[in-house]
Amino acid sequence: MTEFIQHIINGLSLGSIYALIALGYTMVFGILQLINFAHGDVFMLGAFVGMYASRWLHLADNPSLTSLGICLSISMVTCALVGFAIERFAYRPLRKSPRINVLITAVGVSLFLEFAGQIVFGSDPKVYPEIYHPSGDWSFYGVRLNPLHGVVFLISILLMTILQYIIFRTRLGRGMRAVSFNHDLASLMGIPTDRVISYTFMLGSALAGAAGVLVGLIYPKIEPLMGVMPGLKAFVSAVFGGIGNITGAVVGALTLGLSEEFLVAYWAPSFRDALAFSLLILVLLFKPTGLFGTRRSEKV
């Protein structure tokens, strides 16, 4: 029983990290109908920014929740600025271009970040500093659990709750929902669409940066290509839940995280990465709009 509950906690923590990345995909797609393939590499940048920030500030000398909070804040702010730069200089000039142009640009930005990361950070894996180490184990009705995965899950839920509040309770969130409904109509209503789109990229990138730090916390080895597979899995999660739908992205990510954990624990660990793409094929075959997605009619 202890092992089963621990696998659930591990799966939820992994799924919550996928959710933080998937939210960036789904928000950008909901507003621009664009798949930002560079988003997984922003996640990689977040991990490296957190690592170097923790070294420069000597946060590993005093591992605590405060050190983790400082590292998360620096990584999220840096990745938000990177997201703003990507939108402003790579995507905005192509906004009225054919979609294939934007798609190729997204792939190009992704490759640029990956190879620039190898040049700047080096291609060899780095060991992540221990900026937070909870003492002891958590006990739940006599069941002892690893608290690190639980902390990662709780932090992810907190960040997703804050995002939910921003989207549904703030003026920026109303602007985001209006722009996702109709760009031109939102502009006529006085909503600064360019600013809203930039803020959307910044929010998504900040969450990806936080995910990078949390991954370094529980899987303490990072390298410049670490964003490829989690980015693809987060994209699959967004599609599974219904890309463009915030709730769908979270549900899809948690489902994928739990499925991966139980697949590795009880069946075939070598099929872990294949699971996400098998899930994507099934969704595209039987429910292309995803669990919470809806069909959109396009005027031609």
# chains A, B, ... in the order shown; residues from 1 in each chain; ligands from 1
>>> select_by_dssp(residues="region 132-216 of chain A", states="strand (DSSP E)", output="list in words")
Trp138, Ser139, Phe140, Val143, Arg144 and Leu145 of chain A
>>> residues_around(residues="Ala19 (chain A)", least_positions_apart="2", cutoff="9 Å", atoms="only C-alpha atoms", output="count of residues only")
20
>>> closest_atom_pairs(of="region 187-296 of chain A", to="region 162-173 of chain A", cutoff="9 Å", atoms="only C-alpha atoms", output="CSV")
residue,atom,partner,partner_atom,distance
A:Val196,CA,A:Leu172,CA,7.0
A:Tyr199,CA,A:Leu172,CA,8.3
A:Leu203,CA,A:Leu163,CA,8.1
A:Ile246,CA,A:Gln164,CA,8.3
>>> write_last_selection(atoms="all heavy atoms", output="JSON list (two decimals), in the first residue's frame")
[["chain", "number", "residue", "atom", "x", "y", "z"],
["A", 196, "VAL", "N", -1.63, 42.18, -24.56],
["A", 196, "VAL", "CA", -2.23, 40.97, -23.97],
["A", 196, "VAL", "C", -1.49, 39.73, -24.46],
["A", 196, "VAL", "O", -1.20, 38.81, -23.69],
["A", 196, "VAL", "CB", -3.73, 40.90, -24.33],
["A", 196, "VAL", "CG1", -4.29, 39.53, -23.99],
["A", 196, "VAL", "CG2", -4.50, 41.97, -23.59],
["A", 199, "TYR", "N", 1.83, 39.48, -22.67],
["A", 199, "TYR", "CA", 1.64, 39.01, -21.29],
["A", 199, "TYR", "C", 1.34, 37.51, -21.26],
["A", 199, "TYR", "O", 1.74, 36.80, -20.35],
["A", 199, "TYR", "CB", 0.52, 39.78, -20.60],
["A", 199, "TYR", "CG", 0.92, 41.17, -20.14],
["A", 199, "TYR", "CD1", 0.03, 42.23, -20.21],
["A", 199, "TYR", "CD2", 2.18, 41.40, -19.62],
["A", 199, "TYR", "CE1", 0.39, 43.51, -19.79],
["A", 199, "TYR", "CE2", 2.55, 42.66, -19.20],
["A", 199, "TYR", "CZ", 1.66, 43.72, -19.29],
["A", 199, "TYR", "OH", 2.03, 44.98, -18.87],
["A", 203, "LEU", "N", 3.46, 34.89, -19.13],
["A", 203, "LEU", "CA", 2.90, 34.01, -18.11],
["A", 203, "LEU", "C", 3.26, 32.55, -18.38],
["A", 203, "LEU", "O", 3.69, 31.81, -17.48],
["A", 203, "LEU", "CB", 1.37, 34.17, -18.08],
["A", 203, "LEU", "CG", 0.82, 35.38, -17.32],
["A", 203, "LEU", "CD1", -0.69, 35.47, -17.54],
["A", 203, "LEU", "CD2", 1.13, 35.26, -15.84],
["A", 246, "ILE", "N", -7.69, 25.51, -20.49],
["A", 246, "ILE", "CA", -6.80, 25.50, -19.33],
["A", 246, "ILE", "C", -7.02, 24.25, -18.48],
["A", 246, "ILE", "O", -6.07, 23.53, -18.12],
["A", 246, "ILE", "CB", -7.02, 26.76, -18.47],
["A", 246, "ILE", "CG1", -6.71, 28.03, -19.27],
["A", 246, "ILE", "CG2", -6.16, 26.69, -17.21],
["A", 246, "ILE", "CD1", -5.27, 28.18, -19.65]]
>>> residues_around(residues="region 176-192 of chain A", least_positions_apart="6", cutoff="9 Å", atoms="only C-alpha atoms", output="list in words")
Met27, Phe29, Gly30, Ile31, Leu32, Gln33, Ile167, Phe168, Tyr199, Thr200 and Gly244 of chain A
>>> write_last_selection(atoms="all heavy atoms", output="compact mmCIF listing (two decimals), in the first residue's frame")
# COMPACT_ATOMS: atom_id res chain seq x y z
N MET A 27 -2.29 28.21 -23.64
CA MET A 27 -2.64 29.63 -23.62
C MET A 27 -2.25 30.30 -24.93
O MET A 27 -3.03 31.09 -25.50
CB MET A 27 -1.95 30.32 -22.45
CG MET A 27 -2.56 30.02 -21.10
SD MET A 27 -1.95 31.14 -19.79
CE MET A 27 -0.20 30.77 -19.80
N PHE A 29 -1.82 28.85 -27.85
CA PHE A 29 -2.67 28.35 -28.93
C PHE A 29 -4.07 28.96 -28.83
O PHE A 29 -4.68 29.29 -29.86
CB PHE A 29 -2.77 26.82 -28.87
CG PHE A 29 -3.57 26.25 -30.01
CD1 PHE A 29 -2.96 25.98 -31.22
CD2 PHE A 29 -4.93 25.98 -29.87
CE1 PHE A 29 -3.69 25.46 -32.28
CE2 PHE A 29 -5.66 25.46 -30.92
CZ PHE A 29 -5.04 25.20 -32.13
N GLY A 30 -4.59 29.11 -27.63
CA GLY A 30 -5.92 29.67 -27.48
C GLY A 30 -6.02 31.09 -27.99
O GLY A 30 -7.09 31.51 -28.45
N ILE A 31 -4.93 31.83 -27.94
CA ILE A 31 -4.97 33.23 -28.36
C ILE A 31 -4.50 33.41 -29.81
O ILE A 31 -5.09 34.17 -30.58
CB ILE A 31 -4.11 34.09 -27.41
CG1 ILE A 31 -4.84 34.25 -26.08
CG2 ILE A 31 -3.81 35.46 -28.00
CD1 ILE A 31 -4.14 35.13 -25.08
N LEU A 32 -3.43 32.71 -30.20
CA LEU A 32 -2.84 32.92 -31.52
C LEU A 32 -3.04 31.77 -32.48
O LEU A 32 -2.62 31.88 -33.64
CB LEU A 32 -1.33 33.18 -31.37
CG LEU A 32 -0.90 34.54 -30.84
CD1 LEU A 32 0.63 34.61 -30.76
CD2 LEU A 32 -1.41 35.66 -31.73
N GLN A 33 -3.62 30.66 -32.03
CA GLN A 33 -3.70 29.44 -32.85
C GLN A 33 -2.31 29.03 -33.32
O GLN A 33 -2.10 28.63 -34.46
CB GLN A 33 -4.63 29.67 -34.05
CG GLN A 33 -6.03 30.11 -33.69
CD GLN A 33 -6.79 29.04 -32.92
OE1 GLN A 33 -7.04 27.97 -33.45
NE2 GLN A 33 -7.14 29.33 -31.68
N ILE A 167 -6.57 34.56 -14.85
CA ILE A 167 -7.37 34.42 -16.07
C ILE A 167 -8.83 34.78 -15.83
O ILE A 167 -9.47 35.42 -16.66
CB ILE A 167 -7.24 32.99 -16.63
CG1 ILE A 167 -5.81 32.78 -17.16
CG2 ILE A 167 -8.25 32.74 -17.74
CD1 ILE A 167 -5.54 31.38 -17.65
N PHE A 168 -9.37 34.38 -14.69
CA PHE A 168 -10.81 34.54 -14.48
C PHE A 168 -11.20 35.64 -13.50
O PHE A 168 -12.39 35.90 -13.31
CB PHE A 168 -11.41 33.20 -14.00
CG PHE A 168 -11.36 32.12 -15.03
CD1 PHE A 168 -10.40 31.13 -14.95
CD2 PHE A 168 -12.25 32.11 -16.09
CE1 PHE A 168 -10.34 30.12 -15.90
CE2 PHE A 168 -12.20 31.12 -17.05
CZ PHE A 168 -11.24 30.12 -16.96
N TYR A 199 1.83 39.48 -22.67
CA TYR A 199 1.64 39.01 -21.29
C TYR A 199 1.34 37.51 -21.26
O TYR A 199 1.74 36.80 -20.35
CB TYR A 199 0.52 39.78 -20.60
CG TYR A 199 0.92 41.17 -20.14
CD1 TYR A 199 0.03 42.23 -20.21
CD2 TYR A 199 2.18 41.40 -19.62
CE1 TYR A 199 0.39 43.51 -19.79
CE2 TYR A 199 2.55 42.66 -19.20
CZ TYR A 199 1.66 43.72 -19.29
OH TYR A 199 2.03 44.98 -18.87
N THR A 200 0.61 37.03 -22.27
CA THR A 200 0.31 35.59 -22.34
C THR A 200 1.59 34.78 -22.49
O THR A 200 1.79 33.77 -21.81
CB THR A 200 -0.64 35.31 -23.51
OG1 THR A 200 -1.84 36.07 -23.35
CG2 THR A 200 -0.99 33.83 -23.58
N GLY A 244 -6.02 24.66 -25.92
CA GLY A 244 -6.76 25.91 -25.81
C GLY A 244 -7.62 25.97 -24.56
O GLY A 244 -8.14 27.02 -24.21
>>> atom_distance(atom1="CA of Lys287 (chain A)", atom2="CA of Leu258 (chain A)")
20.8 Å
>>> closest_residue(among="A:Phe286, A:Phe262, A:Phe37, A:Phe292", to="Phe4 (chain A)", atoms="only C-alpha atoms")
A:Phe262
>>> residues_around(residues="region 264-275 of chain A", least_positions_apart="5", cutoff="9 Å", atoms="only C-alpha atoms", output="PyMOL selection string")
chain A and resi 7+229+233+256+259+280
>>> select_by_dssp(residues="region 45-261 of chain A", states="alpha helix (DSSP H)", output="ChimeraX atom specification")
/A:45-56,65-86,99-121,147-169,171-181,183-188,193-218,228-241,246-261
>>> atom_distance(atom1="CA of Lys126 (chain A)", atom2="CA of Lys221 (chain A)")
5.5 Å
>>> closest_residue(among="A:Leu285, A:Trp56, A:Ile35, A:Gly50", to="Leu103 (chain A)", atoms="only C-alpha atoms")
A:Ile35
>>> closest_residue(among="A:Val215, A:Leu68, A:Ala106, A:Ile281", to="Leu20 (chain A)", atoms="only C-alpha atoms")
A:Val215
>>> residues_around(residues="Ala206 (chain A)", least_positions_apart="2", cutoff="7 Å", atoms="only C-alpha atoms", output="PDB file with N, CA and C atoms, in the first residue's frame")
ATOM      1  N   MET A  76      11.557  32.367 -12.919  1.00  0.00           N
ATOM      2  CA  MET A  76      10.293  32.750 -13.551  1.00  0.00           C
ATOM      3  C   MET A  76      10.394  34.122 -14.195  1.00  0.00           C
ATOM      4  N   VAL A  77      11.036  35.075 -13.527  1.00  0.00           N
ATOM      5  CA  VAL A  77      11.180  36.416 -14.098  1.00  0.00           C
ATOM      6  C   VAL A  77      12.051  36.371 -15.356  1.00  0.00           C
ATOM      7  N   CYS A  79      12.637  33.798 -17.390  1.00  0.00           N
ATOM      8  CA  CYS A  79      11.940  33.109 -18.478  1.00  0.00           C
ATOM      9  C   CYS A  79      10.782  33.953 -19.023  1.00  0.00           C
ATOM     10  N   ALA A  80      10.138  34.739 -18.173  1.00  0.00           N
ATOM     11  CA  ALA A  80       9.094  35.643 -18.651  1.00  0.00           C
ATOM     12  C   ALA A  80       9.676  36.657 -19.636  1.00  0.00           C
ATOM     13  N   MET A 202       4.525  35.750 -21.605  1.00  0.00           N
ATOM     14  CA  MET A 202       5.304  35.896 -20.376  1.00  0.00           C
ATOM     15  C   MET A 202       4.777  34.979 -19.271  1.00  0.00           C
ATOM     16  N   LEU A 203       3.465  34.886 -19.133  1.00  0.00           N
ATOM     17  CA  LEU A 203       2.896  34.007 -18.110  1.00  0.00           C
ATOM     18  C   LEU A 203       3.256  32.546 -18.378  1.00  0.00           C
ATOM     19  N   GLY A 204       3.072  32.120 -19.635  1.00  0.00           N
ATOM     20  CA  GLY A 204       3.389  30.739 -19.979  1.00  0.00           C
ATOM     21  C   GLY A 204       4.859  30.426 -19.779  1.00  0.00           C
ATOM     22  N   ALA A 208       6.819  27.754 -17.247  1.00  0.00           N
ATOM     23  CA  ALA A 208       7.806  26.796 -17.745  1.00  0.00           C
ATOM     24  C   ALA A 208       9.119  26.929 -16.971  1.00  0.00           C
ATOM     25  N   GLY A 209       9.516  28.166 -16.645  1.00  0.00           N
ATOM     26  CA  GLY A 209      10.720  28.368 -15.845  1.00  0.00           C
ATOM     27  C   GLY A 209      10.604  27.743 -14.473  1.00  0.00           C
ATOM     28  N   ALA A 210       9.431  27.883 -13.853  1.00  0.00           N
ATOM     29  CA  ALA A 210       9.205  27.245 -12.551  1.00  0.00           C
ATOM     30  C   ALA A 210       9.287  25.730 -12.665  1.00  0.00           C
TER      31      ALA A 210
END
>>> decode(residues="region 11-44 of chain A", atoms="N, CA and C atoms", output="PDB file, in the first residue's frame")
ATOM      1  N   GLY A  11       3.534  10.269  -9.470  1.00  0.00           N
ATOM      2  CA  GLY A  11       2.846  10.539 -10.730  1.00  0.00           C
ATOM      3  C   GLY A  11       2.196  11.908 -10.749  1.00  0.00           C
ATOM      4  N   LEU A  12       1.628  12.313  -9.615  1.00  0.00           N
ATOM      5  CA  LEU A  12       1.011  13.635  -9.543  1.00  0.00           C
ATOM      6  C   LEU A  12       2.062  14.744  -9.630  1.00  0.00           C
ATOM      7  N   SER A  13       3.214  14.546  -8.994  1.00  0.00           N
ATOM      8  CA  SER A  13       4.261  15.569  -9.066  1.00  0.00           C
ATOM      9  C   SER A  13       4.802  15.683 -10.487  1.00  0.00           C
ATOM     10  N   LEU A  14       5.020  14.540 -11.152  1.00  0.00           N
ATOM     11  CA  LEU A  14       5.473  14.574 -12.542  1.00  0.00           C
ATOM     12  C   LEU A  14       4.410  15.199 -13.444  1.00  0.00           C
ATOM     13  N   GLY A  15       3.156  14.798 -13.239  1.00  0.00           N
ATOM     14  CA  GLY A  15       2.074  15.354 -14.047  1.00  0.00           C
ATOM     15  C   GLY A  15       1.891  16.843 -13.833  1.00  0.00           C
ATOM     16  N   SER A  16       2.118  17.319 -12.600  1.00  0.00           N
ATOM     17  CA  SER A  16       1.972  18.754 -12.344  1.00  0.00           C
ATOM     18  C   SER A  16       3.063  19.552 -13.046  1.00  0.00           C
ATOM     19  N   ILE A  17       4.259  18.959 -13.182  1.00  0.00           N
ATOM     20  CA  ILE A  17       5.323  19.628 -13.941  1.00  0.00           C
ATOM     21  C   ILE A  17       4.947  19.693 -15.418  1.00  0.00           C
ATOM     22  N   TYR A  18       4.432  18.575 -15.953  1.00  0.00           N
ATOM     23  CA  TYR A  18       3.938  18.608 -17.331  1.00  0.00           C
ATOM     24  C   TYR A  18       2.848  19.664 -17.489  1.00  0.00           C
ATOM     25  N   ALA A  19       2.005  19.801 -16.463  1.00  0.00           N
ATOM     26  CA  ALA A  19       0.907  20.765 -16.540  1.00  0.00           C
ATOM     27  C   ALA A  19       1.425  22.192 -16.626  1.00  0.00           C
ATOM     28  N   LEU A  20       2.464  22.519 -15.855  1.00  0.00           N
ATOM     29  CA  LEU A  20       3.016  23.872 -15.903  1.00  0.00           C
ATOM     30  C   LEU A  20       3.528  24.209 -17.308  1.00  0.00           C
ATOM     31  N   ILE A  21       4.118  23.217 -17.971  1.00  0.00           N
ATOM     32  CA  ILE A  21       4.602  23.446 -19.335  1.00  0.00           C
ATOM     33  C   ILE A  21       3.428  23.471 -20.312  1.00  0.00           C
ATOM     34  N   ALA A  22       2.490  22.539 -20.141  1.00  0.00           N
ATOM     35  CA  ALA A  22       1.357  22.444 -21.055  1.00  0.00           C
ATOM     36  C   ALA A  22       0.494  23.704 -21.048  1.00  0.00           C
ATOM     37  N   LEU A  23       0.416  24.383 -19.903  1.00  0.00           N
ATOM     38  CA  LEU A  23      -0.392  25.600 -19.824  1.00  0.00           C
ATOM     39  C   LEU A  23       0.133  26.671 -20.778  1.00  0.00           C
ATOM     40  N   GLY A  24       1.462  26.733 -20.939  1.00  0.00           N
ATOM     41  CA  GLY A  24       2.025  27.686 -21.885  1.00  0.00           C
ATOM     42  C   GLY A  24       1.606  27.371 -23.308  1.00  0.00           C
ATOM     43  N   TYR A  25       1.641  26.101 -23.679  1.00  0.00           N
ATOM     44  CA  TYR A  25       1.193  25.700 -25.014  1.00  0.00           C
ATOM     45  C   TYR A  25      -0.267  26.078 -25.238  1.00  0.00           C
ATOM     46  N   THR A  26      -1.113  25.735 -24.267  1.00  0.00           N
ATOM     47  CA  THR A  26      -2.547  25.897 -24.468  1.00  0.00           C
ATOM     48  C   THR A  26      -2.961  27.363 -24.450  1.00  0.00           C
ATOM     49  N   MET A  27      -2.294  28.206 -23.643  1.00  0.00           N
ATOM     50  CA  MET A  27      -2.640  29.632 -23.624  1.00  0.00           C
ATOM     51  C   MET A  27      -2.250  30.303 -24.933  1.00  0.00           C
ATOM     52  N   VAL A  28      -1.054  30.009 -25.429  1.00  0.00           N
ATOM     53  CA  VAL A  28      -0.614  30.618 -26.689  1.00  0.00           C
ATOM     54  C   VAL A  28      -1.488  30.146 -27.842  1.00  0.00           C
ATOM     55  N   PHE A  29      -1.816  28.847 -27.848  1.00  0.00           N
ATOM     56  CA  PHE A  29      -2.670  28.353 -28.925  1.00  0.00           C
ATOM     57  C   PHE A  29      -4.067  28.961 -28.834  1.00  0.00           C
ATOM     58  N   GLY A  30      -4.588  29.107 -27.628  1.00  0.00           N
ATOM     59  CA  GLY A  30      -5.922  29.668 -27.475  1.00  0.00           C
ATOM     60  C   GLY A  30      -6.024  31.087 -27.987  1.00  0.00           C
ATOM     61  N   ILE A  31      -4.927  31.834 -27.938  1.00  0.00           N
ATOM     62  CA  ILE A  31      -4.966  33.232 -28.361  1.00  0.00           C
ATOM     63  C   ILE A  31      -4.500  33.412 -29.808  1.00  0.00           C
ATOM     64  N   LEU A  32      -3.435  32.705 -30.198  1.00  0.00           N
ATOM     65  CA  LEU A  32      -2.836  32.924 -31.522  1.00  0.00           C
ATOM     66  C   LEU A  32      -3.038  31.773 -32.485  1.00  0.00           C
ATOM     67  N   GLN A  33      -3.625  30.659 -32.031  1.00  0.00           N
ATOM     68  CA  GLN A  33      -3.703  29.440 -32.847  1.00  0.00           C
ATOM     69  C   GLN A  33      -2.309  29.034 -33.318  1.00  0.00           C
ATOM     70  N   LEU A  34      -1.335  29.134 -32.416  1.00  0.00           N
ATOM     71  CA  LEU A  34       0.069  28.871 -32.721  1.00  0.00           C
ATOM     72  C   LEU A  34       0.620  27.853 -31.726  1.00  0.00           C
ATOM     73  N   ILE A  35       1.351  26.858 -32.246  1.00  0.00           N
ATOM     74  CA  ILE A  35       2.067  25.920 -31.386  1.00  0.00           C
ATOM     75  C   ILE A  35       3.480  26.447 -31.211  1.00  0.00           C
ATOM     76  N   ASN A  36       3.788  26.895 -30.021  1.00  0.00           N
ATOM     77  CA  ASN A  36       5.100  27.468 -29.734  1.00  0.00           C
ATOM     78  C   ASN A  36       6.079  26.347 -29.380  1.00  0.00           C
ATOM     79  N   PHE A  37       6.727  25.779 -30.406  1.00  0.00           N
ATOM     80  CA  PHE A  37       7.609  24.640 -30.181  1.00  0.00           C
ATOM     81  C   PHE A  37       8.860  25.014 -29.393  1.00  0.00           C
ATOM     82  N   ALA A  38       9.124  26.291 -29.223  1.00  0.00           N
ATOM     83  CA  ALA A  38      10.273  26.710 -28.414  1.00  0.00           C
ATOM     84  C   ALA A  38       9.959  26.674 -26.924  1.00  0.00           C
ATOM     85  N   HIS A  39       8.725  26.348 -26.561  1.00  0.00           N
ATOM     86  CA  HIS A  39       8.321  26.432 -25.159  1.00  0.00           C
ATOM     87  C   HIS A  39       9.075  25.425 -24.290  1.00  0.00           C
ATOM     88  N   GLY A  40       9.323  24.225 -24.802  1.00  0.00           N
ATOM     89  CA  GLY A  40      10.070  23.247 -24.044  1.00  0.00           C
ATOM     90  C   GLY A  40      11.492  23.690 -23.749  1.00  0.00           C
ATOM     91  N   ASP A  41      12.055  24.500 -24.648  1.00  0.00           N
ATOM     92  CA  ASP A  41      13.421  24.986 -24.437  1.00  0.00           C
ATOM     93  C   ASP A  41      13.453  26.155 -23.448  1.00  0.00           C
ATOM     94  N   VAL A  42      12.345  26.870 -23.315  1.00  0.00           N
ATOM     95  CA  VAL A  42      12.240  27.868 -22.248  1.00  0.00           C
ATOM     96  C   VAL A  42      12.251  27.156 -20.898  1.00  0.00           C
ATOM     97  N   PHE A  43      11.611  26.003 -20.834  1.00  0.00           N
ATOM     98  CA  PHE A  43      11.663  25.159 -19.634  1.00  0.00           C
ATOM     99  C   PHE A  43      13.113  24.797 -19.298  1.00  0.00           C
ATOM    100  N   MET A  44      13.889  24.448 -20.327  1.00  0.00           N
ATOM    101  CA  MET A  44      15.310  24.144 -20.113  1.00  0.00           C
ATOM    102  C   MET A  44      16.060  25.362 -19.585  1.00  0.00           C
TER     103      MET A  44
END
